[in-house]
2 protein chains.
Amino acid sequence: MLDERKAAILRAVVEEYISTAQPVGSGRVARARGVEVSSATVRNEMVVLEQEGYLQQPHTSAGRIPTEKGYRQFVDHLGDSALDLGGAQQVRTFFDRAHGELEEMLSDTSRLLADLTSYAAVVVGAPTEQAIVRSVQLVALAPQVVLAVAVLANGTIEKHTIELSAAIDDEAVARASSHLASTLIGHTLVEHVALDGTGVVAIDSLVADALGAFQAAHRESGADQVYVGGASRVVAAFDAVDTVSQVLTILEQQLVVVSLLRDVLDRGLSVAIGSETGMEPLAACSLIVAPYEVDGEAAGTIGVLGPTRMDYSRALAAVALVSQDLGRRLTEG
Amino acid sequence: MLDERKAAILRAVVEEYISTAQPVGSGRVARARGVEVSSATVRNEMVVLEQEGYLQQPHTSAGRIPTEKGYRQFVDHLGDSALDLGGAQQVRTFFDRAHGELEEMLSDTSRLLADLTSYAAVVVGAPTEQAIVRSVQLVALAPQVVLAVAVLANGTIEKHTIELSAAIDDEAVARASSHLASTLIGHTLVEHVALDGTGVVAIDSLVADALGAFQAAHRESGADQVYVGGASRVVAAFDAVDTVSQVLTILEQQLVVVSLLRDVLDRGLSVAIGSETGMEPLAACSLIVAPYEVDGEAAGTIGVLGPTRMDYSRALAAVALVSQDLGRRLTEG
DNA sequence: GTTAGCAGTCGGTATCATCGAGTGCCAGCC
DNA sequence: GGCTGGCACTCGATGATACCGACTGCTAAC
């Protein structure tokens, strides 16, 4: 626990470092608002803060920069602050004008968040497991290929191609289709539904295959769609080329991104700083996440990925506002 | 037109510059295979090549680097060469194992191409305009929201939400759905189909709306899906941070990418060098494109985006092989 | 407990000399 | 006539050196 003065000094260092990316010296801190002591006193306090692990010195006789622990303390004691007017306006306009398919909207939202924060942003769609099936259909594409298509209540579509070992005629497909429909409609895709046979082997096995295909996709838990916006912002955020490349590589891997967000959220965090992300290549990054709710239920997640010296205050405000408005917008329908 | 010796010297300069990224001096060229003259002669020839615009000098008393015109000459006189064995093997394994949905396959193909070339790669899906509708369905999502879903012969799905001004009951939706189905199935989405009314206003207007939604999406010509793979490779390809950022920004804009590829292809090029891409921010890039064919018809495009000093030989070979195999794989179904 | 003052540290920048790859040109050679 | 070896010259890159300035830690005084 830090006393009031140390906290103020740490806050000043973090804020200054975030905005300048330069090690912060005692002089600057002493001149910061909220710190009403001389630079000598600041120096004494900074020695303590360094011993306790909140600050570090890149080299002797340089200023201090925050450690992960320092950022953590800073973030934990950051009061809520609202997004500036311009940003809030941008969010409002966006959701007022938003229309069209769910996917498009989530994708656009990721771009919005990236624009607001000038960091890379991700939006994970609601897992389809919870969605109720509104329609299922089997469509013959080729003699031995059938496409199983399910329309879910949230407007999403899930489809799987099924390759058959023997050709099947259109009528059998139609019968299988309606059989499957009566079985699944009104349930979710993962629910364990009772399958009663029709007596015709070809039809029953097609229905079983389709059902299996839908359910298999969810067992691997890799079905959640993720949208990455503003990946190019990563370039400006770091000066080390390697870091940029590594971070971009991570962002290209949808599965990794999804599990990263889930991980952080599961640990009850809304901000993961540096190594708290649990990924080696993201050691220089911080991640802000927030779930959004549709119809009062946790639906998906949004997040912002920036450097550890990101503008937490602004990014937190942006993420909070966007997650809230996105949820509201999706709830309205 | 360059005489044989000048061409050989130019070739040597380009090859050397591609592999080292350093200005190439007369000494190196003289030592290159295919050039059997002394460095002094090379110097004399290089003066001419510079005057004619094939080479340029970053500063006096440095080596030469190719100009766009130089690269162009080099590429135009590049014989076909096959991809190395490792790469060819990788392509073969990929397409042997490829399975699943079309979208997933195209997305994976973009990653394959990026892996092969170590540049960013793009794959554009076949325009849905040509695909025949196999199934159409209207699904009520909410009292005033209906989802129109079309399953196309290539396994793609197109969907549009339709918001109604008044609530509609399930039976009317079902009737509209089957009416729409009988109208569209067997045709393409853009075809001008005759619409005969049922006499019920609500149904007819829903059918018309759905049809309109499908067709509107194509009039804007923005419907082609594009998959970008290996964007992170851009980082390694350029040393200027600005360039990296600009190129990534371009790659984030799907519409831009699609029209860029179309543009280049329309001009009959398979390689666009620097300003030939027609985009200011891509001045330092070269783009290799190739169409792929499904069932003997041009279906989509694949491309590789690298620095102007990219390994054209290898990239051309990779693009050719992948486009061919992709087409074959999609034709087989 | 706080602060002014001071000696000391050390990275960053500017200056300068050196080095070497490369050029253009010329005179001689085949 | 074309090619080549030789040579003087250019100029960016590299490395050494000195200097500057920001910052620290410490001490003594308030």
# chains A, B, ... in the order shown; residues from 1 in each chain; ligands from 1

call {"tool": "residues_around", "arguments": {"residues": "Thr331 of chain A", "least_positions_apart": "6", "cutoff": "10 Å", "atoms": "only C-alpha atoms (C1' of nucleotides)", "output": "ChimeraX atom specification"}}
result
/A:154,293-297,325

call {"tool": "closest_atom_pairs", "arguments": {"of": "chain D", "to": "chain A", "cutoff": "9 Å", "atoms": "only C-alpha atoms (C1' of nucleotides)", "output": "CSV"}}
result
residue,atom,partner,partner_atom,distance
D:DA22,C1',A:Ala62,CA,7.4
D:DC23,C1',A:Ser61,CA,4.9
D:DT24,C1',A:Ser61,CA,5.0
D:DG25,C1',A:Arg43,CA,8.6

call {"tool": "write_last_selection", "arguments": {"atoms": "N, CA and C atoms (P, O5', C5', C4', C3', O3' and C1' of nucleotides)", "output": "PDB file, in the first residue's frame"}}
result
ATOM      1  P    DA D  22      18.588  19.548 -20.193  1.00  0.00           P
ATOM      2  O5'  DA D  22      17.788  18.281 -19.684  1.00  0.00           O
ATOM      3  C5'  DA D  22      17.823  17.067 -20.448  1.00  0.00           C
ATOM      4  C4'  DA D  22      17.908  15.904 -19.501  1.00  0.00           C
ATOM      5  C3'  DA D  22      17.133  16.129 -18.208  1.00  0.00           C
ATOM      6  O3'  DA D  22      16.320  14.992 -17.946  1.00  0.00           O
ATOM      7  C1'  DA D  22      19.352  15.461 -17.725  1.00  0.00           C
ATOM      8  P    DC D  23      15.269  15.076 -16.807  1.00  0.00           P
ATOM      9  O5'  DC D  23      15.937  14.147 -15.704  1.00  0.00           O
ATOM     10  C5'  DC D  23      16.448  12.878 -16.094  1.00  0.00           C
ATOM     11  C4'  DC D  23      17.370  12.354 -15.032  1.00  0.00           C
ATOM     12  C3'  DC D  23      16.893  12.621 -13.608  1.00  0.00           C
ATOM     13  O3'  DC D  23      16.453  11.424 -12.978  1.00  0.00           O
ATOM     14  C1'  DC D  23      19.248  12.991 -13.873  1.00  0.00           C
ATOM     15  P    DT D  24      16.036  11.475 -11.474  1.00  0.00           P
ATOM     16  O5'  DT D  24      17.275  10.781 -10.746  1.00  0.00           O
ATOM     17  C5'  DT D  24      17.854   9.622 -11.307  1.00  0.00           C
ATOM     18  C4'  DT D  24      19.125   9.299 -10.555  1.00  0.00           C
ATOM     19  C3'  DT D  24      18.921   9.242  -9.058  1.00  0.00           C
ATOM     20  O3'  DT D  24      19.297   7.977  -8.541  1.00  0.00           O
ATOM     21  C1'  DT D  24      20.714  10.747  -9.612  1.00  0.00           C
ATOM     22  P    DG D  25      18.793   7.574  -7.142  1.00  0.00           P
ATOM     23  O5'  DG D  25      20.048   7.841  -6.188  1.00  0.00           O
ATOM     24  C5'  DG D  25      21.342   7.436  -6.592  1.00  0.00           C
ATOM     25  C4'  DG D  25      22.360   7.981  -5.600  1.00  0.00           C
ATOM     26  C3'  DG D  25      21.904   7.924  -4.141  1.00  0.00           C
ATOM     27  O3'  DG D  25      22.996   7.472  -3.350  1.00  0.00           O
ATOM     28  C1'  DG D  25      22.383  10.186  -4.751  1.00  0.00           C
TER      29       DG D  25
END

call {"tool": "closest_atom_pairs", "arguments": {"of": "chain C", "to": "chain B", "cutoff": "9 Å", "atoms": "only C-alpha atoms (C1' of nucleotides)", "output": "tab-separated table"}}
result
residue	atom	partner	partner_atom	distance
C:DA21	C1'	B:Ala62	CA	7.5
C:DG22	C1'	B:Ser61	CA	5.1
C:DT23	C1'	B:Ser61	CA	4.9
C:DG24	C1'	B:Arg43	CA	8.6

call {"tool": "write_last_selection", "arguments": {"atoms": "C-alpha atoms (C1' of nucleotides)", "output": "compact mmCIF listing (two decimals), in the first residue's frame"}}
result
# COMPACT_ATOMS: atom_id res chain seq x y z
C1' DA C 21 33.34 0.47 -52.09
C1' DG C 22 32.38 2.44 -56.12
C1' DT C 23 32.61 5.77 -59.98
C1' DG C 24 34.27 8.22 -64.30

call {"tool": "interface_residues", "arguments": {"of": "chain A", "to": "chain B", "cutoff": "6 Å", "atoms": "only C-alpha atoms", "output": "PDB file with N, CA and C atoms, in the first residue's frame"}}
result
ATOM      1  N   LEU A 141     -25.842 -30.099 -53.138  1.00  0.00           N
ATOM      2  CA  LEU A 141     -24.983 -29.286 -53.998  1.00  0.00           C
ATOM      3  C   LEU A 141     -24.464 -30.105 -55.162  1.00  0.00           C
ATOM      4  N   ALA A 153     -31.424 -17.645 -34.223  1.00  0.00           N
ATOM      5  CA  ALA A 153     -32.295 -16.531 -33.826  1.00  0.00           C
ATOM      6  C   ALA A 153     -31.584 -15.175 -33.883  1.00  0.00           C
ATOM      7  N   SER A 232      -3.115  -2.148 -38.274  1.00  0.00           N
ATOM      8  CA  SER A 232      -2.004  -1.300 -38.709  1.00  0.00           C
ATOM      9  C   SER A 232      -1.567  -0.334 -37.613  1.00  0.00           C
ATOM     10  N   SER A 245       5.978  -7.201 -35.446  1.00  0.00           N
ATOM     11  CA  SER A 245       5.757  -8.399 -36.228  1.00  0.00           C
ATOM     12  C   SER A 245       5.117  -9.497 -35.387  1.00  0.00           C
ATOM     13  N   LEU A 248       1.443  -8.649 -34.566  1.00  0.00           N
ATOM     14  CA  LEU A 248       0.584  -8.832 -35.736  1.00  0.00           C
ATOM     15  C   LEU A 248       0.353 -10.315 -36.004  1.00  0.00           C
ATOM     16  N   THR A 249       1.402 -11.097 -35.804  1.00  0.00           N
ATOM     17  CA  THR A 249       1.252 -12.532 -36.016  1.00  0.00           C
ATOM     18  C   THR A 249       0.210 -13.111 -35.068  1.00  0.00           C
TER      19      THR A 249
END

call {"tool": "select_by_dssp", "arguments": {"residues": "segment 80-314 of chain A", "states": "strand (DSSP E)", "output": "PyMOL selection string"}}
result
chain A and resi 120-124+133-142+145-152+157-163+226-229+271-273+285-294+297-307

call {"tool": "residues_around", "arguments": {"residues": "Leu55 of chain A", "least_positions_apart": "5", "cutoff": "9 Å", "atoms": "only C-alpha atoms (C1' of nucleotides)", "output": "PyMOL selection string"}}
result
chain A and resi 10+13+46-47+49-50+64-70

call {"tool": "closest_residue", "arguments": {"among": "B:Glu15, B:Thr41, B:Gln90, B:Val190", "to": "DG2 of chain D", "atoms": "only C-alpha atoms (C1' of nucleotides)"}}
result
B:Thr41

call {"tool": "select_by_dssp", "arguments": {"residues": "segment 62-222 of chain B", "states": "helix (DSSP H, G or I)", "output": "PyMOL selection string"}}
result
chain B and resi 68-76+85-97+102-117+128-130+170-184+201-219

call {"tool": "residues_around", "arguments": {"residues": "Asp169 of chain A", "least_positions_apart": "5", "cutoff": "10 Å", "atoms": "only C-alpha atoms (C1' of nucleotides)", "output": "ChimeraX atom specification"}}
result
/A:140,143-144,174,202

call {"tool": "residues_around", "arguments": {"residues": "Ile273 of chain A", "least_positions_apart": "4", "cutoff": "9 Å", "atoms": "only C-alpha atoms (C1' of nucleotides)", "output": "list in words"}}
result
Glu68, Lys69, Tyr71, Arg72, Thr277, Ala283, Ala284, Cys285, Ser286, Leu287, Ile288, Pro307 and Thr308 of chain A

call {"tool": "write_last_selection", "arguments": {"atoms": "N, CA and C atoms", "output": "PDB file, in the first residue's frame"}}
result
ATOM      1  N   GLU A  68       5.541  -3.213 -14.570  1.00  0.00           N
ATOM      2  CA  GLU A  68       4.181  -3.729 -14.691  1.00  0.00           C
ATOM      3  C   GLU A  68       3.403  -3.493 -13.406  1.00  0.00           C
ATOM      4  N   LYS A  69       4.107  -3.691 -12.293  1.00  0.00           N
ATOM      5  CA  LYS A  69       3.455  -3.474 -10.999  1.00  0.00           C
ATOM      6  C   LYS A  69       3.013  -2.019 -10.863  1.00  0.00           C
ATOM      7  N   TYR A  71       2.206   0.048 -13.363  1.00  0.00           N
ATOM      8  CA  TYR A  71       1.012   0.241 -14.198  1.00  0.00           C
ATOM      9  C   TYR A  71      -0.219  -0.337 -13.500  1.00  0.00           C
ATOM     10  N   ARG A  72      -0.010  -1.496 -12.915  1.00  0.00           N
ATOM     11  CA  ARG A  72      -1.123  -2.173 -12.247  1.00  0.00           C
ATOM     12  C   ARG A  72      -1.711  -1.279 -11.160  1.00  0.00           C
ATOM     13  N   THR A 277      -0.979 -10.899 -19.649  1.00  0.00           N
ATOM     14  CA  THR A 277      -1.707 -11.443 -20.793  1.00  0.00           C
ATOM     15  C   THR A 277      -1.443 -12.933 -20.934  1.00  0.00           C
ATOM     16  N   ALA A 283       4.464  -9.332 -24.181  1.00  0.00           N
ATOM     17  CA  ALA A 283       5.054  -8.792 -22.961  1.00  0.00           C
ATOM     18  C   ALA A 283       5.046  -7.270 -22.954  1.00  0.00           C
ATOM     19  N   ALA A 284       5.097  -6.672 -24.128  1.00  0.00           N
ATOM     20  CA  ALA A 284       5.121  -5.213 -24.194  1.00  0.00           C
ATOM     21  C   ALA A 284       3.735  -4.618 -24.417  1.00  0.00           C
ATOM     22  N   CYS A 285       2.728  -5.473 -24.306  1.00  0.00           N
ATOM     23  CA  CYS A 285       1.363  -5.013 -24.602  1.00  0.00           C
ATOM     24  C   CYS A 285       0.484  -5.022 -23.371  1.00  0.00           C
ATOM     25  N   SER A 286      -0.552  -4.219 -23.428  1.00  0.00           N
ATOM     26  CA  SER A 286      -1.632  -4.340 -22.463  1.00  0.00           C
ATOM     27  C   SER A 286      -2.919  -4.572 -23.228  1.00  0.00           C
ATOM     28  N   LEU A 287      -3.798  -5.279 -22.579  1.00  0.00           N
ATOM     29  CA  LEU A 287      -5.046  -5.648 -23.226  1.00  0.00           C
ATOM     30  C   LEU A 287      -6.200  -5.230 -22.330  1.00  0.00           C
ATOM     31  N   ILE A 288      -7.139  -4.509 -22.905  1.00  0.00           N
ATOM     32  CA  ILE A 288      -8.332  -4.127 -22.152  1.00  0.00           C
ATOM     33  C   ILE A 288      -9.509  -4.893 -22.719  1.00  0.00           C
ATOM     34  N   PRO A 307       0.192  -0.825 -26.427  1.00  0.00           N
ATOM     35  CA  PRO A 307       1.439  -0.992 -25.686  1.00  0.00           C
ATOM     36  C   PRO A 307       1.169  -0.856 -24.191  1.00  0.00           C
ATOM     37  N   THR A 308       2.073  -1.363 -23.360  1.00  0.00           N
ATOM     38  CA  THR A 308       1.856  -1.228 -21.917  1.00  0.00           C
ATOM     39  C   THR A 308       1.736   0.242 -21.537  1.00  0.00           C
TER      40      THR A 308
END

call {"tool": "atom_distance", "arguments": {"atom1": "atom CA of Ile302 of chain A", "atom2": "atom CA of Val124 of chain A"}}
result
6.1 Å

call {"tool": "residues_around", "arguments": {"residues": "Leu211 of chain A", "least_positions_apart": "6", "cutoff": "9 Å", "atoms": "only C-alpha atoms (C1' of nucleotides)", "output": "list in words"}}
result
Ala148, Leu180, Leu184 and Leu189 of chain A

call {"tool": "write_last_selection", "arguments": {"atoms": "N, CA and C atoms", "output": "JSON list (two decimals), in the first residue's frame"}}
result
[["chain", "number", "residue", "atom", "x", "y", "z"],
["A", 148, "ALA", "N", -25.59, -28.47, -45.07],
["A", 148, "ALA", "CA", -26.55, -28.31, -43.97],
["A", 148, "ALA", "C", -26.48, -26.86, -43.50],
["A", 180, "LEU", "N", -34.86, -33.20, -39.97],
["A", 180, "LEU", "CA", -33.87, -32.48, -39.18],
["A", 180, "LEU", "C", -34.48, -31.20, -38.62],
["A", 184, "LEU", "N", -34.61, -30.03, -34.73],
["A", 184, "LEU", "CA", -33.74, -28.98, -34.19],
["A", 184, "LEU", "C", -34.40, -27.64, -33.92],
["A", 189, "LEU", "N", -28.02, -25.54, -31.01],
["A", 189, "LEU", "CA", -27.28, -26.53, -31.78],
["A", 189, "LEU", "C", -26.55, -27.54, -30.91]]

call {"tool": "residues_around", "arguments": {"residues": "DG28 of chain C", "least_positions_apart": "5", "cutoff": "12 Å", "atoms": "only C-alpha atoms (C1' of nucleotides)", "output": "PyMOL selection string"}}
result
chain D and resi 3-6

call {"tool": "write_last_selection", "arguments": {"atoms": "N, CA and C atoms (P, O5', C5', C4', C3', O3' and C1' of nucleotides)", "output": "PDB file, in the first residue's frame"}}
result
ATOM      1  P    DC D   3      32.946  -4.108 -76.097  1.00  0.00           P
ATOM      2  O5'  DC D   3      34.247  -4.432 -75.248  1.00  0.00           O
ATOM      3  C5'  DC D   3      35.071  -5.512 -75.664  1.00  0.00           C
ATOM      4  C4'  DC D   3      36.331  -5.524 -74.841  1.00  0.00           C
ATOM      5  C3'  DC D   3      36.097  -5.490 -73.328  1.00  0.00           C
ATOM      6  O3'  DC D   3      36.818  -6.563 -72.746  1.00  0.00           O
ATOM      7  C1'  DC D   3      37.655  -3.808 -73.959  1.00  0.00           C
ATOM      8  P    DT D   4      36.654  -6.834 -71.176  1.00  0.00           P
ATOM      9  O5'  DT D   4      37.950  -6.129 -70.604  1.00  0.00           O
ATOM     10  C5'  DT D   4      39.218  -6.504 -71.114  1.00  0.00           C
ATOM     11  C4'  DT D   4      40.301  -5.682 -70.445  1.00  0.00           C
ATOM     12  C3'  DT D   4      40.166  -5.563 -68.924  1.00  0.00           C
ATOM     13  O3'  DT D   4      41.411  -5.828 -68.335  1.00  0.00           O
ATOM     14  C1'  DT D   4      40.425  -3.422 -69.889  1.00  0.00           C
ATOM     15  P    DG D   5      41.483  -6.354 -66.844  1.00  0.00           P
ATOM     16  O5'  DG D   5      42.716  -5.516 -66.322  1.00  0.00           O
ATOM     17  C5'  DG D   5      43.862  -5.350 -67.156  1.00  0.00           C
ATOM     18  C4'  DG D   5      44.628  -4.111 -66.737  1.00  0.00           C
ATOM     19  C3'  DG D   5      44.720  -3.895 -65.229  1.00  0.00           C
ATOM     20  O3'  DG D   5      46.046  -3.492 -64.896  1.00  0.00           O
ATOM     21  C1'  DG D   5      43.718  -1.999 -66.241  1.00  0.00           C
ATOM     22  P    DG D   6      46.461  -3.111 -63.441  1.00  0.00           P
ATOM     23  O5'  DG D   6      46.347  -1.522 -63.479  1.00  0.00           O
ATOM     24  C5'  DG D   6      46.917  -0.812 -64.574  1.00  0.00           C
ATOM     25  C4'  DG D   6      46.786   0.680 -64.329  1.00  0.00           C
ATOM     26  C3'  DG D   6      46.913   1.085 -62.871  1.00  0.00           C
ATOM     27  O3'  DG D   6      47.679   2.276 -62.780  1.00  0.00           O
ATOM     28  C1'  DG D   6      44.839   1.822 -63.707  1.00  0.00           C
TER      29       DG D   6
END

call {"tool": "atom_distance", "arguments": {"atom1": "atom CA of Glu45 of chain B", "atom2": "atom CA of Asp3 of chain B"}}
result
10.6 Å

call {"tool": "decode", "arguments": {"residues": "segment 101-119 of chain B", "atoms": "N, CA and C atoms", "output": "PDB file, in the first residue's frame"}}
result
ATOM      1  N   GLU B 101     -15.446 -25.841 -45.584  1.00  0.00           N
ATOM      2  CA  GLU B 101     -16.185 -24.818 -46.313  1.00  0.00           C
ATOM      3  C   GLU B 101     -15.290 -24.045 -47.276  1.00  0.00           C
ATOM      4  N   LEU B 102     -15.913 -23.516 -48.284  1.00  0.00           N
ATOM      5  CA  LEU B 102     -15.206 -22.714 -49.280  1.00  0.00           C
ATOM      6  C   LEU B 102     -14.469 -21.550 -48.632  1.00  0.00           C
ATOM      7  N   GLU B 103     -15.161 -20.841 -47.768  1.00  0.00           N
ATOM      8  CA  GLU B 103     -14.572 -19.653 -47.153  1.00  0.00           C
ATOM      9  C   GLU B 103     -13.301 -19.999 -46.397  1.00  0.00           C
ATOM     10  N   GLU B 104     -13.398 -21.081 -45.644  1.00  0.00           N
ATOM     11  CA  GLU B 104     -12.257 -21.505 -44.847  1.00  0.00           C
ATOM     12  C   GLU B 104     -11.085 -21.850 -45.757  1.00  0.00           C
ATOM     13  N   MET B 105     -11.413 -22.486 -46.862  1.00  0.00           N
ATOM     14  CA  MET B 105     -10.366 -22.902 -47.780  1.00  0.00           C
ATOM     15  C   MET B 105      -9.683 -21.694 -48.419  1.00  0.00           C
ATOM     16  N   LEU B 106     -10.456 -20.724 -48.802  1.00  0.00           N
ATOM     17  CA  LEU B 106      -9.855 -19.534 -49.409  1.00  0.00           C
ATOM     18  C   LEU B 106      -8.992 -18.804 -48.385  1.00  0.00           C
ATOM     19  N   SER B 107      -9.489 -18.733 -47.189  1.00  0.00           N
ATOM     20  CA  SER B 107      -8.733 -18.074 -46.143  1.00  0.00           C
ATOM     21  C   SER B 107      -7.419 -18.820 -45.889  1.00  0.00           C
ATOM     22  N   ASP B 108      -7.501 -20.130 -45.817  1.00  0.00           N
ATOM     23  CA  ASP B 108      -6.292 -20.925 -45.613  1.00  0.00           C
ATOM     24  C   ASP B 108      -5.338 -20.795 -46.793  1.00  0.00           C
ATOM     25  N   THR B 109      -5.908 -20.678 -47.988  1.00  0.00           N
ATOM     26  CA  THR B 109      -5.065 -20.535 -49.164  1.00  0.00           C
ATOM     27  C   THR B 109      -4.256 -19.237 -49.101  1.00  0.00           C
ATOM     28  N   SER B 110      -4.881 -18.192 -48.591  1.00  0.00           N
ATOM     29  CA  SER B 110      -4.141 -16.936 -48.494  1.00  0.00           C
ATOM     30  C   SER B 110      -2.967 -17.096 -47.539  1.00  0.00           C
ATOM     31  N   ARG B 111      -3.175 -17.869 -46.498  1.00  0.00           N
ATOM     32  CA  ARG B 111      -2.076 -18.105 -45.569  1.00  0.00           C
ATOM     33  C   ARG B 111      -0.998 -18.965 -46.208  1.00  0.00           C
ATOM     34  N   LEU B 112      -1.420 -19.942 -46.973  1.00  0.00           N
ATOM     35  CA  LEU B 112      -0.456 -20.792 -47.672  1.00  0.00           C
ATOM     36  C   LEU B 112       0.443 -19.952 -48.564  1.00  0.00           C
ATOM     37  N   LEU B 113      -0.185 -19.092 -49.325  1.00  0.00           N
ATOM     38  CA  LEU B 113       0.560 -18.268 -50.270  1.00  0.00           C
ATOM     39  C   LEU B 113       1.517 -17.325 -49.531  1.00  0.00           C
ATOM     40  N   ALA B 114       1.072 -16.837 -48.411  1.00  0.00           N
ATOM     41  CA  ALA B 114       1.935 -15.966 -47.614  1.00  0.00           C
ATOM     42  C   ALA B 114       3.124 -16.750 -47.076  1.00  0.00           C
ATOM     43  N   ASP B 115       2.858 -17.969 -46.642  1.00  0.00           N
ATOM     44  CA  ASP B 115       3.935 -18.809 -46.136  1.00  0.00           C
ATOM     45  C   ASP B 115       4.946 -19.107 -47.228  1.00  0.00           C
ATOM     46  N   LEU B 116       4.443 -19.404 -48.398  1.00  0.00           N
ATOM     47  CA  LEU B 116       5.321 -19.776 -49.501  1.00  0.00           C
ATOM     48  C   LEU B 116       6.243 -18.637 -49.899  1.00  0.00           C
ATOM     49  N   THR B 117       5.690 -17.453 -49.956  1.00  0.00           N
ATOM     50  CA  THR B 117       6.444 -16.329 -50.492  1.00  0.00           C
ATOM     51  C   THR B 117       7.066 -15.467 -49.412  1.00  0.00           C
ATOM     52  N   SER B 118       6.532 -15.576 -48.222  1.00  0.00           N
ATOM     53  CA  SER B 118       6.877 -14.702 -47.100  1.00  0.00           C
ATOM     54  C   SER B 118       6.532 -13.243 -47.388  1.00  0.00           C
ATOM     55  N   TYR B 119       5.548 -13.061 -48.241  1.00  0.00           N
ATOM     56  CA  TYR B 119       4.950 -11.732 -48.393  1.00  0.00           C
ATOM     57  C   TYR B 119       3.469 -11.846 -48.039  1.00  0.00           C
TER      58      TYR B 119
END
